[in-house]
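> mmCIF, N, CA and C atoms, file entry13.cif:
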```
data_model
loop_
_atom_site.label_atom_id
_atom_site.label_comp_id
_atom_site.auth_asym_id
_atom_site.auth_seq_id
_atom_site.Cartn_x
_atom_site.Cartn_y
_atom_site.Cartn_z
N MET W 1 62.52 18.16 113.93
CA MET W 1 62.22 17.56 112.66
C MET W 1 60.93 16.75 112.74
N LYS W 2 60.73 16.05 113.84
CA LYS W 2 59.53 15.26 113.99
C LYS W 2 58.28 16.14 113.98
N GLU W 3 58.38 17.29 114.61
CA GLU W 3 57.25 18.22 114.65
C GLU W 3 56.90 18.72 113.25
N ARG W 4 57.92 18.92 112.44
CA ARG W 4 57.68 19.39 111.08
C ARG W 4 56.98 18.32 110.24
N SER W 5 57.35 17.07 110.38
CA SER W 5 56.70 16.00 109.63
C SER W 5 55.25 15.84 110.05
N VAL W 6 54.94 16.06 111.31
CA VAL W 6 53.56 16.00 111.78
C VAL W 6 52.76 17.14 111.16
N ASN W 7 53.34 18.32 111.09
CA ASN W 7 52.66 19.46 110.48
C ASN W 7 52.40 19.24 109.00
N ILE W 8 53.36 18.65 108.32
CA ILE W 8 53.20 18.38 106.89
C ILE W 8 52.10 17.34 106.68
N ARG W 9 52.08 16.33 107.51
CA ARG W 9 51.05 15.29 107.41
C ARG W 9 49.65 15.91 107.61
N LYS W 10 49.51 16.78 108.60
CA LYS W 10 48.22 17.45 108.84
C LYS W 10 47.84 18.31 107.66
N TYR W 11 48.82 18.99 107.09
CA TYR W 11 48.57 19.85 105.94
C TYR W 11 48.00 19.05 104.77
N TYR W 12 48.63 17.90 104.48
CA TYR W 12 48.15 17.08 103.36
C TYR W 12 46.81 16.42 103.66
N GLU W 13 46.57 16.09 104.89
CA GLU W 13 45.26 15.54 105.26
C GLU W 13 44.17 16.58 105.05
N GLN W 14 44.47 17.83 105.39
CA GLN W 14 43.50 18.90 105.17
C GLN W 14 43.26 19.11 103.68
N LEU W 15 44.32 19.02 102.89
CA LEU W 15 44.16 19.16 101.43
C LEU W 15 43.28 18.05 100.87
N GLU W 16 43.52 16.82 101.29
CA GLU W 16 42.71 15.70 100.81
C GLU W 16 41.24 15.90 101.16
N GLU W 17 40.98 16.36 102.34
CA GLU W 17 39.61 16.60 102.79
C GLU W 17 38.98 17.73 101.97
N ARG W 18 39.77 18.71 101.65
CA ARG W 18 39.27 19.88 100.91
C ARG W 18 38.83 19.51 99.49
N PHE W 19 39.56 18.59 98.87
CA PHE W 19 39.28 18.27 97.47
C PHE W 19 38.40 17.05 97.28
N LYS W 20 37.86 16.51 98.33
CA LYS W 20 36.93 15.39 98.18
C LYS W 20 35.65 15.87 97.50
N THR W 21 35.14 15.05 96.60
CA THR W 21 33.90 15.41 95.91
C THR W 21 32.78 14.53 96.43
N PRO W 22 31.60 15.09 96.56
CA PRO W 22 30.47 14.28 97.02
C PRO W 22 30.05 13.29 95.94
N PHE W 23 29.58 12.13 96.36
CA PHE W 23 29.14 11.10 95.43
C PHE W 23 27.67 11.32 95.10
N HIS W 24 27.36 11.36 93.81
CA HIS W 24 25.97 11.51 93.36
C HIS W 24 25.56 10.26 92.61
N GLU W 25 24.44 9.70 92.97
CA GLU W 25 23.95 8.50 92.29
C GLU W 25 23.08 8.83 91.09
N GLU W 26 22.69 10.08 90.93
CA GLU W 26 21.85 10.46 89.79
C GLU W 26 22.67 10.41 88.51
N LEU W 27 22.01 10.04 87.42
CA LEU W 27 22.66 10.06 86.13
C LEU W 27 22.69 11.48 85.59
N PRO W 28 23.79 11.86 84.97
CA PRO W 28 23.79 13.16 84.32
C PRO W 28 22.79 13.18 83.17
N PHE W 29 22.33 14.36 82.80
CA PHE W 29 21.32 14.50 81.75
C PHE W 29 21.81 13.93 80.43
N ARG W 30 23.09 14.10 80.10
CA ARG W 30 23.62 13.64 78.83
C ARG W 30 23.54 12.12 78.69
N GLU W 31 23.65 11.37 79.78
CA GLU W 31 23.59 9.93 79.67
C GLU W 31 22.19 9.45 79.29
N THR W 32 21.16 10.08 79.81
CA THR W 32 19.80 9.69 79.41
C THR W 32 19.53 10.15 77.99
N GLU W 33 20.14 11.26 77.61
CA GLU W 33 19.96 11.78 76.26
C GLU W 33 20.60 10.86 75.23
N GLN W 34 21.69 10.18 75.61
CA GLN W 34 22.36 9.30 74.68
C GLN W 34 21.43 8.16 74.25
N SER W 35 20.64 7.64 75.15
CA SER W 35 19.73 6.58 74.75
C SER W 35 18.68 7.10 73.78
N ASP W 36 18.23 8.33 73.98
CA ASP W 36 17.30 8.94 73.02
C ASP W 36 17.98 9.14 71.67
N LEU W 37 19.26 9.52 71.71
CA LEU W 37 20.03 9.71 70.49
C LEU W 37 20.18 8.38 69.75
N GLU W 38 20.45 7.32 70.49
CA GLU W 38 20.58 6.00 69.87
C GLU W 38 19.24 5.55 69.25
N LEU W 39 18.15 5.82 69.94
CA LEU W 39 16.83 5.46 69.39
C LEU W 39 16.56 6.21 68.09
N LEU W 40 16.87 7.50 68.08
CA LEU W 40 16.67 8.29 66.87
C LEU W 40 17.57 7.80 65.75
N LYS W 41 18.84 7.53 66.07
CA LYS W 41 19.79 7.03 65.07
C LYS W 41 19.29 5.71 64.47
N ASN W 42 18.84 4.80 65.31
CA ASN W 42 18.33 3.51 64.81
C ASN W 42 17.10 3.69 63.94
N GLY W 43 16.23 4.64 64.30
CA GLY W 43 15.06 4.92 63.47
C GLY W 43 15.44 5.47 62.10
N LEU W 44 16.45 6.35 62.07
CA LEU W 44 16.92 6.89 60.79
C LEU W 44 17.55 5.79 59.94
N ILE W 45 18.28 4.90 60.57
CA ILE W 45 18.89 3.78 59.84
C ILE W 45 17.80 2.90 59.24
N ARG W 46 16.79 2.56 60.04
CA ARG W 46 15.70 1.71 59.54
C ARG W 46 14.99 2.35 58.35
N THR W 47 14.75 3.65 58.43
CA THR W 47 14.08 4.35 57.33
C THR W 47 14.90 4.28 56.05
N LYS W 48 16.20 4.54 56.15
CA LYS W 48 17.06 4.49 54.96
C LYS W 48 17.19 3.07 54.42
N LEU W 49 17.28 2.10 55.32
CA LEU W 49 17.42 0.71 54.86
C LEU W 49 16.20 0.25 54.08
N THR W 50 15.01 0.71 54.46
CA THR W 50 13.81 0.32 53.70
C THR W 50 13.79 1.01 52.35
N THR W 51 14.35 2.23 52.27
CA THR W 51 14.39 2.95 51.00
C THR W 51 15.41 2.35 50.05
N PHE W 52 16.60 2.04 50.54
CA PHE W 52 17.69 1.51 49.72
C PHE W 52 17.95 0.05 50.12
N LEU W 53 17.01 -0.80 49.82
CA LEU W 53 17.04 -2.18 50.31
C LEU W 53 18.16 -3.01 49.70
N ASP W 54 18.25 -3.07 48.38
CA ASP W 54 19.18 -4.00 47.74
C ASP W 54 20.32 -3.32 46.99
N ASN W 55 20.69 -2.14 47.37
CA ASN W 55 21.75 -1.44 46.65
C ASN W 55 23.13 -1.66 47.23
N GLY W 56 23.26 -2.48 48.26
CA GLY W 56 24.54 -2.69 48.90
C GLY W 56 24.98 -1.49 49.73
N LEU W 57 24.03 -0.66 50.09
CA LEU W 57 24.33 0.57 50.83
C LEU W 57 24.21 0.42 52.34
N SER W 58 23.94 -0.76 52.81
CA SER W 58 23.76 -0.94 54.25
C SER W 58 24.97 -0.47 55.07
N PRO W 59 26.20 -0.85 54.69
CA PRO W 59 27.35 -0.35 55.46
C PRO W 59 27.50 1.17 55.37
N VAL W 60 27.16 1.72 54.21
CA VAL W 60 27.26 3.17 54.02
C VAL W 60 26.25 3.88 54.92
N ILE W 61 25.04 3.35 55.00
CA ILE W 61 24.00 3.94 55.84
C ILE W 61 24.41 3.90 57.30
N ARG W 62 24.94 2.78 57.73
CA ARG W 62 25.36 2.65 59.13
C ARG W 62 26.54 3.57 59.45
N GLN W 63 27.48 3.68 58.52
CA GLN W 63 28.62 4.56 58.73
C GLN W 63 28.17 6.01 58.81
N ALA W 64 27.26 6.40 57.93
CA ALA W 64 26.74 7.77 57.94
C ALA W 64 26.03 8.06 59.26
N ALA W 65 25.26 7.11 59.74
CA ALA W 65 24.54 7.30 61.00
C ALA W 65 25.50 7.43 62.18
N ASN W 66 26.52 6.59 62.21
CA ASN W 66 27.49 6.66 63.31
C ASN W 66 28.28 7.96 63.29
N GLU W 67 28.71 8.39 62.10
CA GLU W 67 29.45 9.65 62.00
C GLU W 67 28.56 10.83 62.37
N ALA W 68 27.32 10.81 61.91
CA ALA W 68 26.39 11.90 62.23
C ALA W 68 26.10 11.94 63.73
N ALA W 69 25.94 10.78 64.35
CA ALA W 69 25.68 10.73 65.79
C ALA W 69 26.87 11.29 66.57
N GLY W 70 28.07 10.97 66.12
CA GLY W 70 29.26 11.51 66.77
C GLY W 70 29.33 13.02 66.67
N LEU W 71 29.01 13.54 65.50
CA LEU W 71 29.00 14.99 65.33
C LEU W 71 27.86 15.65 66.11
N ALA W 72 26.72 15.03 66.09
CA ALA W 72 25.56 15.60 66.80
C ALA W 72 25.80 15.63 68.29
N TRP W 73 26.50 14.65 68.81
CA TRP W 73 26.77 14.58 70.24
C TRP W 73 27.58 15.78 70.72
N GLU W 74 28.36 16.37 69.83
CA GLU W 74 29.19 17.52 70.17
C GLU W 74 28.41 18.84 70.16
N THR W 75 27.18 18.82 69.69
CA THR W 75 26.38 20.05 69.61
C THR W 75 25.56 20.21 70.89
N PRO W 76 25.04 21.42 71.13
CA PRO W 76 24.22 21.62 72.32
C PRO W 76 22.88 20.87 72.27
N PHE W 77 22.37 20.61 71.08
CA PHE W 77 21.07 19.93 70.91
C PHE W 77 21.22 18.76 69.94
N PRO W 78 21.79 17.64 70.40
CA PRO W 78 22.07 16.53 69.48
C PRO W 78 20.85 15.94 68.80
N LEU W 79 19.73 15.89 69.50
CA LEU W 79 18.52 15.31 68.89
C LEU W 79 17.98 16.18 67.76
N LEU W 80 18.23 17.45 67.84
CA LEU W 80 17.78 18.37 66.81
C LEU W 80 18.67 18.29 65.57
N PHE W 81 19.97 18.15 65.79
CA PHE W 81 20.92 18.18 64.68
C PHE W 81 21.10 16.84 63.98
N LEU W 82 20.85 15.74 64.66
CA LEU W 82 21.14 14.42 64.10
C LEU W 82 20.48 14.15 62.75
N PRO W 83 19.18 14.38 62.56
CA PRO W 83 18.58 14.03 61.25
C PRO W 83 19.23 14.75 60.07
N GLU W 84 19.51 16.02 60.22
CA GLU W 84 20.11 16.77 59.11
C GLU W 84 21.56 16.35 58.88
N LEU W 85 22.30 16.15 59.96
CA LEU W 85 23.69 15.68 59.82
C LEU W 85 23.72 14.30 59.16
N PHE W 86 22.77 13.46 59.50
CA PHE W 86 22.69 12.13 58.90
C PHE W 86 22.44 12.24 57.39
N GLU W 87 21.53 13.10 57.00
CA GLU W 87 21.25 13.27 55.57
C GLU W 87 22.49 13.76 54.82
N GLU W 88 23.20 14.72 55.40
CA GLU W 88 24.41 15.24 54.75
C GLU W 88 25.48 14.17 54.65
N LYS W 89 25.71 13.44 55.73
CA LYS W 89 26.73 12.38 55.72
C LYS W 89 26.35 11.28 54.74
N PHE W 90 25.08 10.92 54.71
CA PHE W 90 24.64 9.86 53.80
C PHE W 90 24.84 10.29 52.34
N ALA W 91 24.49 11.53 52.02
CA ALA W 91 24.68 12.01 50.64
C ALA W 91 26.16 11.98 50.26
N GLN W 92 27.01 12.40 51.17
CA GLN W 92 28.45 12.42 50.92
C GLN W 92 29.00 11.00 50.74
N LEU W 93 28.64 10.09 51.63
CA LEU W 93 29.15 8.73 51.55
C LEU W 93 28.53 7.95 50.38
N ARG W 94 27.32 8.30 50.01
CA ARG W 94 26.70 7.63 48.86
C ARG W 94 27.42 8.00 47.57
N LEU W 95 27.78 9.30 47.43
CA LEU W 95 28.56 9.72 46.26
C LEU W 95 29.89 8.98 46.20
N GLN W 96 30.54 8.88 47.34
CA GLN W 96 31.82 8.17 47.41
C GLN W 96 31.63 6.70 47.03
N PHE W 97 30.57 6.09 47.51
CA PHE W 97 30.26 4.69 47.19
C PHE W 97 30.05 4.51 45.69
N GLU W 98 29.29 5.43 45.06
CA GLU W 98 29.02 5.34 43.62
C GLU W 98 30.30 5.52 42.82
N LYS W 99 31.18 6.44 43.24
CA LYS W 99 32.45 6.62 42.54
C LYS W 99 33.31 5.37 42.64
N GLN W 100 33.36 4.78 43.81
CA GLN W 100 34.12 3.54 43.98
C GLN W 100 33.56 2.43 43.11
N LYS W 101 32.26 2.38 43.00
CA LYS W 101 31.60 1.36 42.18
C LYS W 101 31.99 1.53 40.71
N GLN W 102 32.01 2.79 40.23
CA GLN W 102 32.40 3.07 38.85
C GLN W 102 33.86 2.70 38.61
N ILE W 103 34.71 2.99 39.59
CA ILE W 103 36.14 2.65 39.45
C ILE W 103 36.31 1.15 39.39
N ARG W 104 35.57 0.40 40.19
CA ARG W 104 35.66 -1.06 40.15
C ARG W 104 35.24 -1.61 38.79
N VAL W 105 34.16 -1.06 38.24
CA VAL W 105 33.68 -1.52 36.93
C VAL W 105 34.73 -1.24 35.85
N ARG W 106 35.29 -0.01 35.86
CA ARG W 106 36.30 0.34 34.86
C ARG W 106 37.55 -0.53 35.01
N THR W 107 37.94 -0.79 36.24
CA THR W 107 39.12 -1.62 36.49
C THR W 107 38.89 -3.04 36.00
N GLN W 108 37.71 -3.57 36.22
CA GLN W 108 37.40 -4.93 35.75
C GLN W 108 37.44 -4.99 34.22
N ARG W 109 36.91 -3.96 33.56
CA ARG W 109 36.94 -3.92 32.09
C ARG W 109 38.38 -3.87 31.58
N LEU W 110 39.19 -3.01 32.19
CA LEU W 110 40.59 -2.89 31.77
C LEU W 110 41.34 -4.20 31.98
N MET W 111 41.08 -4.84 33.10
CA MET W 111 41.76 -6.11 33.36
C MET W 111 41.29 -7.20 32.40
N ALA W 112 40.01 -7.16 32.03
CA ALA W 112 39.48 -8.15 31.08
C ALA W 112 40.11 -7.93 29.70
N ARG W 113 40.30 -6.68 29.29
CA ARG W 113 40.91 -6.38 28.00
C ARG W 113 42.38 -6.79 27.95
N SER W 114 43.06 -6.56 29.06
CA SER W 114 44.50 -6.86 29.08
C SER W 114 44.78 -8.34 29.29
N GLY W 115 43.78 -9.11 29.66
CA GLY W 115 43.94 -10.55 29.83
C GLY W 115 44.52 -10.94 31.17
N ILE W 116 44.47 -10.08 32.14
CA ILE W 116 45.02 -10.40 33.47
C ILE W 116 43.99 -11.13 34.30
#
```
Mind turning the file's structure into structure tokens?


Amino acid sequence: MKERSVNIRKYYEQLEERFKTPFHEELPFRETEQSDLELLKNGLIRTKLTTFLDNGLSPVIRQAANEAAGLAWETPFPLLFLPELFEEKFAQLRLQFEKQKQIRVRTQRLMARSGI
């Protein structure tokens, strides 16, 4: 029995040695690309914020940029896809923002009429 436990121990030691991975200090390409993606995202945000300065759209612009960056990150070329995805997300969220704004105005009018 003792001989068998020694053999099993050697077997597992060989397995551990077999599956060891070498340590690499280099950064993967995607990690350096993420900083470029963040720079591009921040540039797109700045551009939109200067265009829509006082419309209360700042949270919408930031949300659109974050969602677009998340989607772009899943593509093979995130820097290429981000600007267009950002424009699409911004258009979608801006429509939603305008609809919510209209609903708030109508609700306030109805509440003012009813005396609540």

> In Å, how far is it from atom CA of Gly70 of chain W to atom CA of Arg46 of chain W?

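If I compute the distance from atom CA of Gly70 of chain W to atom CA of Arg46 of chain W, I get 18.2 Å.
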
> Name every residue that the PyMOL selection byres ((chain W and resi 88-101) around 7) selects in this structure, writing the answer as a count of residues only with chains first and numbers rising.

16

> Please compute the atom CA of Ala72 of chain W-atom CA of Lys41 of chain W distance, one decimal, in Å.

10.5 Å

> In Å, how far is it from atom N of Phe52 of chain W to atom N of Glu74 of chain W?

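Value for the atom N of Phe52 of chain W-atom N of Glu74 of chain W distance: 26.8 Å.
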